[in-house]
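Data file: data_21.cif. Format and content: mmCIF, C-alpha atoms and all ligand atoms.
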```
data_final
#
loop_
_atom_site.label_atom_id
_atom_site.label_comp_id
_atom_site.auth_asym_id
_atom_site.auth_seq_id
_atom_site.Cartn_x
_atom_site.Cartn_y
_atom_site.Cartn_z
CA MET A 1 -62.70 42.00 -17.38
CA THR A 2 -59.86 40.93 -19.64
CA PRO A 3 -60.26 37.24 -20.32
CA SER A 4 -57.36 34.94 -20.08
CA ILE A 5 -56.64 31.44 -21.33
CA THR A 6 -54.73 28.55 -19.94
CA GLY A 7 -54.00 24.99 -20.85
CA GLU A 8 -51.43 22.28 -20.51
CA TRP A 9 -49.92 23.41 -23.84
CA LEU A 10 -49.50 26.97 -22.59
CA ILE A 11 -47.54 26.11 -19.46
CA ALA A 12 -45.61 23.15 -20.89
CA SER A 13 -41.84 23.51 -20.57
CA GLU A 14 -41.44 23.09 -24.35
CA THR A 15 -43.69 26.09 -24.91
CA ARG A 16 -41.93 28.13 -22.25
CA ALA A 17 -38.57 27.37 -23.90
CA VAL A 18 -39.79 28.93 -27.17
CA LEU A 19 -41.26 32.01 -25.46
CA ASP A 20 -38.11 32.49 -23.36
CA ALA A 21 -35.89 32.24 -26.44
CA LEU A 22 -37.91 34.97 -28.19
CA SER A 23 -38.09 37.22 -25.12
CA ALA A 24 -34.32 36.90 -24.61
CA GLN A 25 -33.98 38.47 -28.07
CA GLY A 26 -35.99 41.46 -26.83
CA ALA A 27 -39.15 40.40 -28.64
CA THR A 28 -42.72 40.11 -27.40
CA PRO A 29 -44.18 36.77 -28.45
CA ARG A 30 -47.95 36.28 -28.34
CA PHE A 31 -50.09 33.27 -29.08
CA VAL A 32 -52.47 33.89 -31.95
CA GLY A 33 -55.20 32.34 -34.06
CA GLY A 34 -56.60 28.88 -33.48
CA CYS A 35 -54.97 28.19 -30.12
CA VAL A 36 -56.36 31.37 -28.54
CA ARG A 37 -59.77 30.98 -30.17
CA ASP A 38 -60.13 27.32 -29.22
CA ALA A 39 -58.83 27.77 -25.66
CA LEU A 40 -61.35 30.58 -25.11
CA ILE A 41 -64.30 28.39 -26.01
CA GLY A 42 -62.99 25.27 -24.30
CA ARG A 43 -62.07 23.28 -27.39
CA THR A 44 -58.96 21.16 -27.71
CA VAL A 45 -56.01 23.16 -28.95
CA ARG A 46 -54.23 21.41 -31.80
CA ASP A 47 -51.48 23.51 -33.32
CA ILE A 48 -49.83 26.46 -31.70
CA ASP A 49 -49.25 29.63 -33.69
CA ILE A 50 -47.13 32.41 -32.23
CA ALA A 51 -46.82 35.98 -33.54
CA VAL A 52 -43.68 37.91 -32.79
CA ASP A 53 -42.59 41.52 -33.29
CA ILE A 54 -39.18 40.80 -34.83
CA PRO A 55 -38.34 39.86 -38.43
CA PRO A 56 -37.91 36.15 -39.28
CA ASP A 57 -34.10 36.18 -39.46
CA GLU A 58 -33.99 37.41 -35.87
CA THR A 59 -36.53 34.78 -34.86
CA MET A 60 -34.23 32.14 -36.28
CA THR A 61 -31.21 33.51 -34.48
CA ALA A 62 -33.11 33.65 -31.19
CA LEU A 63 -34.31 30.07 -31.45
CA GLU A 64 -30.94 28.71 -32.55
CA ARG A 65 -29.20 30.49 -29.71
CA ALA A 66 -31.52 28.74 -27.30
CA GLY A 67 -30.61 25.41 -28.87
CA LEU A 68 -34.01 24.84 -30.48
CA ARG A 69 -34.40 23.25 -33.88
CA VAL A 70 -35.63 25.70 -36.50
CA ILE A 71 -37.20 24.92 -39.86
CA PRO A 72 -37.53 27.86 -42.27
CA THR A 73 -41.04 26.82 -43.35
CA GLY A 74 -42.08 30.02 -45.08
CA LEU A 75 -39.38 32.63 -44.61
CA SER A 76 -40.66 34.90 -47.39
CA HIS A 77 -43.93 35.41 -45.55
CA GLY A 78 -42.27 35.43 -42.15
CA THR A 79 -42.95 31.94 -40.81
CA VAL A 80 -40.50 29.61 -39.17
CA THR A 81 -41.25 26.39 -37.33
CA ALA A 82 -39.58 25.81 -33.97
CA VAL A 83 -39.27 22.30 -32.64
CA SER A 84 -39.11 22.13 -28.88
CA GLY A 85 -39.16 18.66 -27.37
CA THR A 86 -41.96 16.79 -29.08
CA ARG A 87 -43.92 19.91 -29.97
CA SER A 88 -43.69 22.24 -32.90
CA PHE A 89 -44.66 25.88 -33.09
CA GLU A 90 -45.34 28.08 -36.11
CA ILE A 91 -43.80 31.44 -35.41
CA THR A 92 -44.76 34.28 -37.73
CA SER A 93 -43.37 37.80 -37.71
CA LEU A 94 -45.91 40.61 -37.52
CA ARG A 95 -46.58 41.57 -41.08
CA GLN A 96 -48.63 43.52 -43.48
CA ASP A 97 -49.68 42.28 -46.91
CA LYS A 98 -48.43 44.82 -49.47
CA SER A 99 -49.71 43.28 -52.66
CA THR A 100 -51.75 40.19 -53.33
CA ASP A 101 -52.63 38.09 -56.37
CA GLY A 102 -55.70 36.27 -55.16
CA ARG A 103 -53.75 33.70 -53.16
CA HIS A 104 -50.23 34.82 -52.21
CA ALA A 105 -49.10 38.08 -50.73
CA VAL A 106 -45.91 40.10 -50.87
CA VAL A 107 -45.38 41.11 -47.26
CA THR A 108 -43.46 43.61 -45.19
CA PHE A 109 -42.62 43.03 -41.55
CA THR A 110 -43.80 45.45 -38.93
CA LYS A 111 -43.83 46.03 -35.19
CA ASP A 112 -47.43 47.15 -35.23
CA TRP A 113 -49.83 44.59 -33.76
CA SER A 114 -52.87 46.26 -35.28
CA LEU A 115 -51.46 45.95 -38.82
CA ASP A 116 -50.80 42.27 -38.21
CA ALA A 117 -54.32 41.80 -36.85
CA ALA A 118 -55.84 43.60 -39.82
CA ARG A 119 -54.24 41.27 -42.39
CA ARG A 120 -55.85 38.20 -40.79
CA ASP A 121 -59.10 36.80 -42.16
CA PHE A 122 -61.79 36.75 -39.46
CA THR A 123 -62.18 38.77 -36.29
CA MET A 124 -62.19 35.59 -34.16
CA ASN A 125 -58.84 34.65 -35.72
CA ALA A 126 -57.21 37.93 -34.76
CA LEU A 127 -57.14 37.25 -31.04
CA TYR A 128 -53.75 37.18 -29.34
CA ALA A 129 -52.67 36.06 -25.89
CA GLU A 130 -49.67 37.18 -23.88
CA ASP A 131 -47.28 34.58 -22.56
CA ASP A 132 -49.23 34.49 -19.26
CA GLY A 133 -52.49 33.79 -21.11
CA THR A 134 -53.97 37.31 -20.98
CA VAL A 135 -56.04 37.75 -24.12
CA VAL A 136 -55.47 40.79 -26.30
CA ASP A 137 -58.30 41.64 -28.67
CA VAL A 138 -56.27 43.97 -30.84
CA LEU A 139 -59.17 44.92 -33.13
CA GLY A 140 -61.70 45.08 -30.31
CA THR A 141 -64.40 42.94 -31.98
CA GLY A 142 -62.91 39.46 -31.94
CA LEU A 143 -64.08 38.44 -28.48
CA ALA A 144 -67.65 39.57 -29.01
CA ASP A 145 -67.82 37.82 -32.39
CA LEU A 146 -66.34 34.64 -30.96
CA ASN A 147 -68.82 34.67 -28.09
CA ALA A 148 -71.68 35.20 -30.53
CA ARG A 149 -70.18 32.52 -32.82
CA ARG A 150 -70.15 35.05 -35.64
CA VAL A 151 -67.59 34.40 -38.37
CA ARG A 152 -66.93 37.88 -39.68
CA PHE A 153 -64.34 39.16 -42.12
CA ILE A 154 -62.02 41.87 -40.92
CA GLY A 155 -62.92 44.79 -43.17
CA SER A 156 -64.83 44.44 -46.41
CA ALA A 157 -65.65 40.84 -47.29
CA SER A 158 -65.28 41.40 -51.00
CA ALA A 159 -61.93 43.21 -50.69
CA ARG A 160 -60.56 40.51 -48.39
CA ILE A 161 -61.70 37.73 -50.72
CA GLN A 162 -60.09 39.34 -53.74
CA GLU A 163 -56.76 39.37 -51.89
CA ASP A 164 -57.03 35.62 -51.31
CA TYR A 165 -59.83 33.47 -52.74
CA LEU A 166 -59.06 30.69 -50.28
CA ARG A 167 -60.90 32.90 -47.78
CA ILE A 168 -64.19 31.94 -49.45
CA LEU A 169 -63.63 28.34 -48.45
CA ARG A 170 -62.25 29.33 -45.04
CA LEU A 171 -65.42 31.33 -44.38
CA PHE A 172 -67.60 28.26 -44.89
CA ARG A 173 -65.19 26.02 -42.98
CA PHE A 174 -65.09 28.35 -39.99
CA HIS A 175 -68.84 28.73 -40.06
CA ALA A 176 -69.17 24.94 -39.99
CA TRP A 177 -66.89 24.70 -36.95
CA TYR A 178 -67.57 27.94 -35.09
CA GLY A 179 -70.66 29.62 -36.51
CA LYS A 180 -74.10 29.72 -35.02
CA GLY A 181 -77.26 30.76 -36.82
CA ASP A 182 -77.24 32.44 -40.18
CA MET A 183 -74.09 33.42 -41.99
CA GLU A 184 -73.30 37.12 -42.49
CA PRO A 185 -75.34 38.37 -45.49
CA ASP A 186 -72.65 40.64 -46.94
CA ALA A 187 -70.05 37.87 -46.78
CA LEU A 188 -72.45 35.58 -48.65
CA VAL A 189 -73.12 38.21 -51.32
CA ALA A 190 -69.37 38.71 -51.76
CA CYS A 191 -68.81 34.94 -52.04
CA ALA A 192 -71.57 34.60 -54.63
CA GLY A 193 -70.10 37.40 -56.74
CA LEU A 194 -66.51 36.20 -56.48
CA ALA A 195 -66.96 32.41 -56.58
CA GLY A 196 -65.22 32.28 -59.98
CA GLY A 197 -61.93 33.08 -58.19
CA ILE A 198 -61.93 29.61 -56.63
CA ALA A 199 -60.54 28.38 -59.96
CA LYS A 200 -57.26 30.12 -59.01
CA LEU A 201 -56.73 27.77 -56.07
CA SER A 202 -54.78 24.54 -56.33
CA ARG A 203 -56.91 21.42 -56.35
CA GLU A 204 -55.00 20.03 -53.33
CA ARG A 205 -55.94 23.12 -51.35
CA VAL A 206 -59.56 22.86 -52.33
CA GLY A 207 -59.65 19.15 -51.48
CA ALA A 208 -57.98 19.62 -48.10
CA GLU A 209 -60.15 22.61 -47.22
CA MET A 210 -63.38 20.80 -48.14
CA LEU A 211 -62.45 17.76 -46.08
CA LYS A 212 -61.77 19.99 -43.06
CA LEU A 213 -65.15 21.61 -43.52
CA LEU A 214 -66.90 18.26 -43.87
CA ALA A 215 -65.28 16.93 -40.70
CA ALA A 216 -67.26 19.42 -38.59
CA PRO A 217 -70.02 17.93 -36.44
CA HIS A 218 -72.60 20.12 -38.21
CA PRO A 219 -71.50 21.23 -41.68
CA GLU A 220 -75.06 21.37 -43.05
CA VAL A 221 -75.66 25.12 -42.94
CA ALA A 222 -72.27 25.84 -44.50
CA VAL A 223 -72.84 23.30 -47.27
CA ASP A 224 -76.32 24.65 -47.91
CA MET A 225 -75.00 28.17 -48.20
CA MET A 226 -72.16 27.05 -50.44
CA ALA A 227 -74.75 25.55 -52.77
CA GLN A 228 -77.05 28.57 -52.64
CA THR A 229 -74.28 31.04 -53.40
CA GLY A 230 -72.94 28.96 -56.30
CA VAL A 231 -69.67 28.39 -54.42
CA LEU A 232 -70.21 24.65 -54.17
CA SER A 233 -70.35 23.99 -57.91
CA LYS A 234 -67.24 26.13 -58.41
CA THR A 235 -65.47 24.17 -55.69
CA LEU A 236 -66.63 20.66 -56.61
CA PRO A 237 -67.47 20.41 -60.32
CA PHE A 238 -69.53 17.27 -59.70
CA ALA A 239 -71.75 18.78 -56.99
CA GLU A 240 -75.28 19.40 -58.15
CA GLY A 241 -78.23 21.17 -56.60
CA ILE A 242 -78.53 21.47 -52.85
CA PRO A 243 -77.08 18.32 -51.33
CA PRO A 244 -79.20 16.75 -48.55
CA MET A 245 -76.43 17.16 -45.97
CA ALA A 246 -78.83 17.84 -43.10
CA ALA A 247 -80.53 14.50 -43.77
CA LEU A 248 -77.19 12.67 -43.78
CA VAL A 249 -76.09 14.32 -40.53
CA ALA A 250 -79.43 13.44 -38.93
CA ALA A 251 -79.10 9.81 -40.06
CA GLU A 252 -75.55 9.65 -38.61
CA GLY A 253 -76.95 10.94 -35.34
CA ARG A 254 -79.70 8.30 -35.30
CA ILE A 255 -77.25 5.44 -35.41
CA GLY A 256 -74.69 7.27 -33.26
CA ILE A 257 -71.66 7.39 -35.53
CA SER A 258 -69.04 10.15 -35.59
CA PRO A 259 -68.67 12.67 -38.39
CA ASP A 260 -66.57 11.47 -41.29
CA PRO A 261 -65.48 13.81 -44.07
CA ILE A 262 -65.20 11.05 -46.67
CA ARG A 263 -68.75 9.89 -45.99
CA ARG A 264 -69.99 13.45 -46.44
CA MET A 265 -67.86 13.91 -49.54
CA ALA A 266 -69.44 10.76 -51.00
CA LEU A 267 -72.83 12.42 -50.54
CA LEU A 268 -71.66 15.51 -52.45
CA ILE A 269 -70.31 13.32 -55.25
CA GLY A 270 -73.77 11.78 -55.64
CA ASP A 271 -73.95 9.57 -58.69
CA ALA A 272 -70.74 10.84 -60.28
CA ASP A 273 -67.68 8.59 -60.46
CA PRO A 274 -66.10 8.71 -56.98
CA VAL A 275 -62.59 7.90 -58.19
CA ALA A 276 -62.55 10.60 -60.86
CA ALA A 277 -64.03 13.08 -58.39
CA GLY A 278 -61.50 12.19 -55.70
CA ARG A 279 -58.58 12.32 -58.13
CA GLY A 280 -59.72 15.77 -59.17
CA LEU A 281 -59.25 16.85 -55.55
CA ARG A 282 -55.84 15.14 -55.33
CA LEU A 283 -56.98 12.89 -52.51
CA SER A 284 -54.63 10.20 -51.19
CA ASN A 285 -54.93 6.60 -52.37
CA GLU A 286 -56.39 5.64 -49.03
CA GLN A 287 -59.02 8.36 -49.29
CA LEU A 288 -59.82 7.34 -52.88
CA LYS A 289 -60.31 3.77 -51.77
CA ALA A 290 -62.66 4.84 -48.99
CA LEU A 291 -64.57 7.08 -51.39
CA ARG A 292 -64.94 4.36 -54.00
CA ALA A 293 -66.28 1.95 -51.37
CA ARG A 294 -68.98 4.51 -50.57
CA GLY A 295 -69.98 5.08 -54.19
CA PRO A 296 -73.25 4.00 -55.83
CA LEU A 297 -74.22 0.33 -55.54
CA ASP A 298 -75.44 -1.74 -58.48
CA LEU A 299 -78.22 -2.92 -56.22
CA PRO A 300 -79.31 -0.23 -53.76
CA ILE A 301 -80.12 -1.33 -50.23
CA THR A 302 -83.85 -1.97 -50.17
CA ASP A 303 -84.26 -5.24 -48.32
CA ALA A 304 -82.43 -7.80 -46.19
CA ALA A 305 -80.66 -9.48 -49.11
CA SER A 306 -79.38 -6.24 -50.65
CA ALA A 307 -78.22 -5.02 -47.21
CA ARG A 308 -76.28 -8.24 -46.54
CA ARG A 309 -74.88 -8.14 -50.04
CA ALA A 310 -73.67 -4.54 -49.68
CA GLY A 311 -72.03 -5.47 -46.36
CA TYR A 312 -70.21 -8.39 -47.95
CA GLU A 313 -69.09 -6.45 -51.03
CA ARG A 314 -68.18 -3.11 -49.46
CA GLY A 315 -67.35 -3.97 -45.86
CA GLU A 316 -69.30 -2.89 -42.80
CA ALA A 317 -68.40 0.78 -42.48
CA ALA A 318 -68.58 1.59 -46.18
CA ALA A 319 -71.87 -0.23 -46.74
CA ARG A 320 -73.41 1.44 -43.70
CA ASP A 321 -72.24 4.83 -44.97
CA ARG A 322 -73.68 4.06 -48.40
CA MET A 323 -77.00 3.19 -46.80
CA LEU A 324 -77.06 6.54 -44.96
CA ILE A 325 -76.23 8.39 -48.17
CA GLN A 326 -78.95 6.52 -50.02
CA CYS A 327 -81.49 7.47 -47.33
CA ALA A 328 -80.43 11.09 -47.43
CA GLN A 329 -80.74 11.16 -51.22
CA SER A 330 -84.12 9.46 -51.35
CA GLY A 331 -85.61 11.19 -48.35
CA GLU A 332 -86.86 7.82 -47.15
CA PRO A 333 -86.73 7.04 -43.45
CA LEU A 334 -83.71 5.18 -42.17
CA ASN A 335 -84.32 1.49 -41.56
CA THR A 336 -81.97 0.82 -38.65
CA ARG A 337 -82.56 -2.94 -39.00
CA PHE A 338 -80.35 -2.82 -42.09
CA VAL A 339 -77.33 -1.94 -39.95
CA SER A 340 -77.15 -5.42 -38.42
CA LEU A 341 -77.88 -7.07 -41.77
CA ILE A 342 -74.93 -5.18 -43.24
CA MET A 343 -72.82 -6.47 -40.35
CA ASP A 344 -73.96 -10.03 -41.08
CA GLY A 345 -72.97 -9.63 -44.71
CA ALA A 346 -69.60 -8.14 -43.81
CA ALA A 347 -68.92 -11.06 -41.45
CA SER A 348 -69.75 -13.74 -44.05
CA THR A 349 -66.85 -15.72 -45.46
CA PHE A 350 -66.98 -17.36 -48.83
CA PRO A 351 -66.89 -21.09 -48.13
CA VAL A 352 -65.04 -22.17 -51.28
CA ALA A 353 -61.32 -21.82 -52.04
CA ALA A 354 -59.15 -22.47 -55.10
CA ARG A 355 -57.83 -25.70 -53.59
CA ASP A 356 -61.37 -27.11 -53.50
CA LEU A 357 -61.62 -26.68 -57.25
CA ILE A 358 -58.18 -28.17 -57.85
CA ALA A 359 -59.20 -31.18 -55.78
CA LEU A 360 -62.14 -31.55 -58.12
CA GLY A 361 -59.81 -31.69 -61.09
CA LEU A 362 -59.87 -28.12 -62.44
CA GLU A 363 -56.58 -27.01 -63.99
CA PRO A 364 -54.73 -24.35 -61.99
CA GLY A 365 -54.79 -21.08 -63.93
CA PRO A 366 -57.31 -18.45 -65.04
CA GLU A 367 -60.03 -21.09 -65.22
CA ILE A 368 -59.98 -21.41 -61.44
CA GLY A 369 -60.36 -17.69 -60.91
CA GLU A 370 -63.30 -17.51 -63.29
CA ALA A 371 -64.98 -20.50 -61.67
CA LEU A 372 -64.47 -19.02 -58.19
CA ASP A 373 -66.04 -15.75 -59.29
CA ARG A 374 -68.99 -17.57 -60.74
CA ILE A 375 -69.54 -19.64 -57.61
CA GLU A 376 -69.19 -16.57 -55.43
CA ARG A 377 -71.86 -14.83 -57.48
CA ASP A 378 -74.20 -17.80 -57.10
CA TRP A 379 -73.53 -17.77 -53.39
CA ILE A 380 -74.22 -14.04 -53.04
CA GLU A 381 -77.37 -14.38 -55.14
CA SER A 382 -78.60 -17.14 -52.85
CA ASP A 383 -78.34 -14.55 -50.07
CA PHE A 384 -75.38 -16.52 -48.65
CA THR A 385 -77.53 -19.62 -48.08
CA LEU A 386 -75.91 -22.16 -50.43
CA ASP A 387 -73.39 -24.23 -48.53
CA ARG A 388 -70.02 -25.45 -49.67
CA ALA A 389 -71.17 -28.86 -50.82
CA THR A 390 -73.99 -27.42 -52.92
CA LEU A 391 -71.74 -24.77 -54.46
CA LEU A 392 -69.14 -27.40 -55.33
CA SER A 393 -71.70 -29.85 -56.65
CA GLY A 394 -72.52 -27.27 -59.27
CA ILE A 395 -68.89 -27.38 -60.38
CA THR A 396 -68.59 -31.17 -60.63
CA GLY A 397 -71.90 -31.20 -62.52
CA ARG A 398 -70.54 -28.68 -65.00
CA LYS A 399 -67.34 -30.64 -65.39
CA ARG A 400 -69.08 -33.92 -66.11
CA ALA A 401 -71.31 -32.39 -68.73
P1 LIG B 1 -56.76 25.70 -37.27
O1 LIG B 1 -55.26 25.59 -37.20
O2 LIG B 1 -57.48 25.17 -36.11
O3 LIG B 1 -57.31 25.22 -38.59
P2 LIG B 1 -56.23 28.51 -37.30
O4 LIG B 1 -57.10 29.69 -37.09
O5 LIG B 1 -55.05 28.37 -36.39
O6 LIG B 1 -57.16 27.23 -37.27
P3 LIG B 1 -54.34 28.47 -39.45
O7 LIG B 1 -54.60 28.08 -40.87
O8 LIG B 1 -53.41 27.64 -38.62
O9 LIG B 1 -55.78 28.56 -38.80
O10 LIG B 1 -53.83 29.96 -39.49
C1 LIG B 1 -53.42 30.66 -38.31
C2 LIG B 1 -53.92 32.08 -38.36
O11 LIG B 1 -53.38 32.73 -39.51
C3 LIG B 1 -55.43 32.20 -38.51
O12 LIG B 1 -56.08 32.15 -37.27
C4 LIG B 1 -55.55 33.56 -39.16
O13 LIG B 1 -55.38 34.59 -38.23
C5 LIG B 1 -54.35 33.60 -40.09
N1 LIG B 1 -54.67 33.07 -41.44
C6 LIG B 1 -54.50 31.82 -41.90
N2 LIG B 1 -54.86 31.73 -43.20
C7 LIG B 1 -55.25 32.94 -43.57
C8 LIG B 1 -55.73 33.51 -44.79
N3 LIG B 1 -55.87 32.76 -45.89
N4 LIG B 1 -56.02 34.82 -44.80
C9 LIG B 1 -55.86 35.59 -43.70
N5 LIG B 1 -55.42 35.12 -42.54
C10 LIG B 1 -55.13 33.83 -42.45
MG MG B 2 -53.47 26.96 -36.56
#
```
Hey, can you dump this file as structure tokens for me?
Amino acid sequence: MTPSITGEWLIASETRAVLDALSAQGATPRFVGGCVRDALIGRTVRDIDIAVDIPPDETMTALERAGLRVIPTGLSHGTVTAVSGTRSFEITSLRQDKSTDGRHAVVTFTKDWSLDAARRDFTMNALYAEDDGTVVDVLGTGLADLNARRVRFIGSASARIQEDYLRILRLFRFHAWYGKGDMEPDALVACAGLAGGIAKLSRERVGAEMLKLLAAPHPEVAVDMMAQTGVLSKTLPFAEGIPPMAALVAAEGRIGISPDPIRRMALLIGDADPVAAGRGLRLSNEQLKALRARGPLDLPITDAASARRAGYERGEAAARDRMLIQCAQSGEPLNTRFVSLIMDGAASTFPVAARDLIALGLEPGPEIGEALDRIERDWIESDFTLDRATLLSGITGRKRA
């Protein structure tokens, strides 16, 4: 029986407006890629890709005629973005890659669905659906592979990787999100042999791709295989050995927190400098800040005082993540009691302010800042037990002397 998909996104009037505009031009639009794949296995559909059997200039004309906003996102490779209501759609003309340089392709447009399917990366990504939701498995193996959760290159893995080295990282990402069981041996052999080609990719791409991979609920097999094939060290220069990702994921599960790509990235960074590592991947300032907060602690969390201290210094989420990373690295069992101690530390407020020191006669200026830092350190070292009066008595004592 031919499967078919449905979903709110498929019947929405904004979607119908795009399909109608293309059909009115005499074209056959079909959904393709992630939306078909995800709808088939009951996952939330995020972005909608449409393939169409007319060249991109005609796509633009059709959409404009229908009064839709068109953005020529990637005309040279056949992609335009249509904005319909609050939704946007990536519409790509059927195409064939004529020549490739390891990342970009020179393309020709075609009316042949099987040529378009063949230039795609994995069989599960070459599934199309008609405008009524009827699925078309143009290559004939996509549905079976999707059902078996088998991420398989279309054609020879090594040939497909040499056309575009990003496919190495996509293979591991798609395995993390869609794969079950072992990865395909010949794909792994090809990745191992061609890992050097990752150097051709822009660092932004690599960073973005890795974060997508690490956001998967279970990225551990993919990360393991990346390490074993030598892909990981070519992707992340700081990554060493086989990172204990399975241990981190298990620890996350024990305390019931959701996957977080930055937390997992911090594990891969290990003891290297998180800011330098993050900059190397062109991460955003916000991501860098989160990564730094999850970096190595001067005093690892080993007891109540160090747990509270980490909570105070790093904040609740970052300190908790650091604790999970530390457990994964050491192989020691997770002490869940530390979670509430970290929360206590994060909720502590330093009881002394600059105005207290001024009231005691200290001159406003750098002296105050230094004194505050010193008192804060004493307070932290007392495991947050010294009260305001005691902390300030230290200051007056020092002043009198
Ligand atoms: P998602 O959007 O959920 O990440 P997707 O499968 O839709 O997954 P996109 O990157 O949006 O991925 O690409 C859409 C489709 O274009 C893919 O399903 C695949 O068919 C094709 N594609 C994307 N990137 C490549 C690539 N580097 N090589 C070959 N085909 C690709
Ligand atoms: Mg997509």
- Message: Distance limit 9 Å, reference ligand LIG 1 (chain B), atoms considered: all atoms listed in the file. Which residues make the cut? Give them as a PyMOL selection string.
- Response: chain A and resi 32-38+45-50+90+92+103-104+116-127+160-161+163-167+170+174+212
- Please indicate the distance in Å from atom CA of A:Thr81 to atom CA of A:Val18, rounded to one decimal place.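 Interatomic distance, atom CA of A:Thr81 to atom CA of A:Val18: 10.6 Å.
Our summary of the geometry notes that atom CA of A:Ile11 is positioned 26.6 Å from atom CA of A:Arg95.
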Which polymer residues have any atom within 12 Å of an atom of A:Asp224, counting only C-alpha atoms, with same-chain residues fewer than 4 positions away left out, as a PDB file with C-alpha atoms, keeping the file's coordinate frame?
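Once written, around-v2.pdb looks like this:
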```
ATOM      1  CA  PHE A 172     -67.600  28.260 -44.890  1.00  0.00           C
ATOM      2  CA  HIS A 175     -68.840  28.730 -40.060  1.00  0.00           C
ATOM      3  CA  ALA A 176     -69.170  24.940 -39.990  1.00  0.00           C
ATOM      4  CA  ASP A 182     -77.240  32.440 -40.180  1.00  0.00           C
ATOM      5  CA  MET A 183     -74.090  33.420 -41.990  1.00  0.00           C
ATOM      6  CA  LEU A 188     -72.450  35.580 -48.650  1.00  0.00           C
ATOM      7  CA  HIS A 218     -72.600  20.120 -38.210  1.00  0.00           C
ATOM      8  CA  PRO A 219     -71.500  21.230 -41.680  1.00  0.00           C
ATOM      9  CA  GLU A 220     -75.060  21.370 -43.050  1.00  0.00           C
ATOM     10  CA  GLN A 228     -77.050  28.570 -52.640  1.00  0.00           C
ATOM     11  CA  THR A 229     -74.280  31.040 -53.400  1.00  0.00           C
ATOM     12  CA  GLY A 230     -72.940  28.960 -56.300  1.00  0.00           C
ATOM     13  CA  VAL A 231     -69.670  28.390 -54.420  1.00  0.00           C
ATOM     14  CA  LEU A 232     -70.210  24.650 -54.170  1.00  0.00           C
ATOM     15  CA  SER A 233     -70.350  23.990 -57.910  1.00  0.00           C
ATOM     16  CA  ALA A 239     -71.750  18.780 -56.990  1.00  0.00           C
ATOM     17  CA  GLU A 240     -75.280  19.400 -58.150  1.00  0.00           C
ATOM     18  CA  GLY A 241     -78.230  21.170 -56.600  1.00  0.00           C
ATOM     19  CA  ILE A 242     -78.530  21.470 -52.850  1.00  0.00           C
ATOM     20  CA  PRO A 243     -77.080  18.320 -51.330  1.00  0.00           C
ATOM     21  CA  PRO A 244     -79.200  16.750 -48.550  1.00  0.00           C
ATOM     22  CA  MET A 245     -76.430  17.160 -45.970  1.00  0.00           C
ATOM     23  CA  ALA A 246     -78.830  17.840 -43.100  1.00  0.00           C
ATOM     24  CA  ALA A 247     -80.530  14.500 -43.770  1.00  0.00           C
ATOM     25  CA  LEU A 268     -71.660  15.510 -52.450  1.00  0.00           C
TER      26      LEU A 268
END
```
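Interatomic distance, atom CA of A:Gly345 to atom CA of A:Arg320: 11.1 Å.
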- Polymer residues at most 12 Å from A:Met1, only C-alpha atoms, same-chain spacing of 3 or more positions, as number ranges by chain: A: 4, 134-136, 143
Selection file, C-alpha atoms, as a short mmCIF file (atom, residue, chain, number, x, y, z; two decimals), in the frame of the given file:
```cif
data_model
loop_
_atom_site.label_atom_id
_atom_site.label_comp_id
_atom_site.auth_asym_id
_atom_site.auth_seq_id
_atom_site.Cartn_x
_atom_site.Cartn_y
_atom_site.Cartn_z
CA SER A 4 -57.36 34.94 -20.08
CA THR A 134 -53.97 37.31 -20.98
CA VAL A 135 -56.04 37.75 -24.12
CA VAL A 136 -55.47 40.79 -26.30
CA LEU A 143 -64.08 38.44 -28.48
#
```
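Nearest to A:Arg254 of all the residues A:Leu324, A:Ala144, A:Leu19, A:Ala318 is A:Leu324, based on only C-alpha atoms.
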- Item | Nearest-residue call for ligand MG 2 (chain B), choices A:Ala17, A:Val106, A:Ile5, A:Ala51, using all atoms listed in the file |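 Using all atoms listed in the file, the shortest distance to ligand MG 2 (chain B) belongs to A:Ala51.
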- Query: Got a sec: who's within 9 Å of stretch 366-373 of chain A, counting all atoms listed in the file, leaving out chain neighbours fewer than 3 positions off, as a list of chain:residue names?
  - Reply: A:Val352, A:Ala353, A:Ala354, A:Leu357, A:Ile358, A:Leu362, A:Glu363, A:Glu376, A:Arg377, A:Asp378, A:Ile395
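The smallest atom-to-atom distance between A:Gly133 and any of A:Leu40, A:Ile380, A:Leu341, A:Leu283, using only C-alpha atoms, is found for A:Leu40.
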- Query: A:Gly7, A:Gly42, A:Arg65, A:Phe89: which is nearest ligand MG 2 (chain B), counting all atoms listed in the file?
  - Reply: A:Phe89
- Message: I'd like to know which of A:Phe153, A:Ser258, A:Gly278, A:Ala21 is closest to A:Leu211, using only C-alpha atoms.
- Response: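 That would be A:Gly278, the residue with the smallest distance to A:Leu211.
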- Leaving out A:Leu281 and any residue of its chain fewer than 5 positions from it, which residues lie within 7 Å of it when counting only C-alpha atoms, given as a PyMOL selection string? chain A and resi 203-204+206-207
Serialized selection, C-alpha atoms, as a PDB file, in the frame of the given file:
```pdb
ATOM      1  CA  ARG A 203     -56.910  21.420 -56.350  1.00  0.00           C
ATOM      2  CA  GLU A 204     -55.000  20.030 -53.330  1.00  0.00           C
ATOM      3  CA  VAL A 206     -59.560  22.860 -52.330  1.00  0.00           C
ATOM      4  CA  GLY A 207     -59.650  19.150 -51.480  1.00  0.00           C
TER       5      GLY A 207
END
```
- Among listed residues A:Ile91, A:Val52, A:Ala208, A:Val70, nearest ligand MG 2 (chain B) (using all atoms listed in the file): A:Ile91
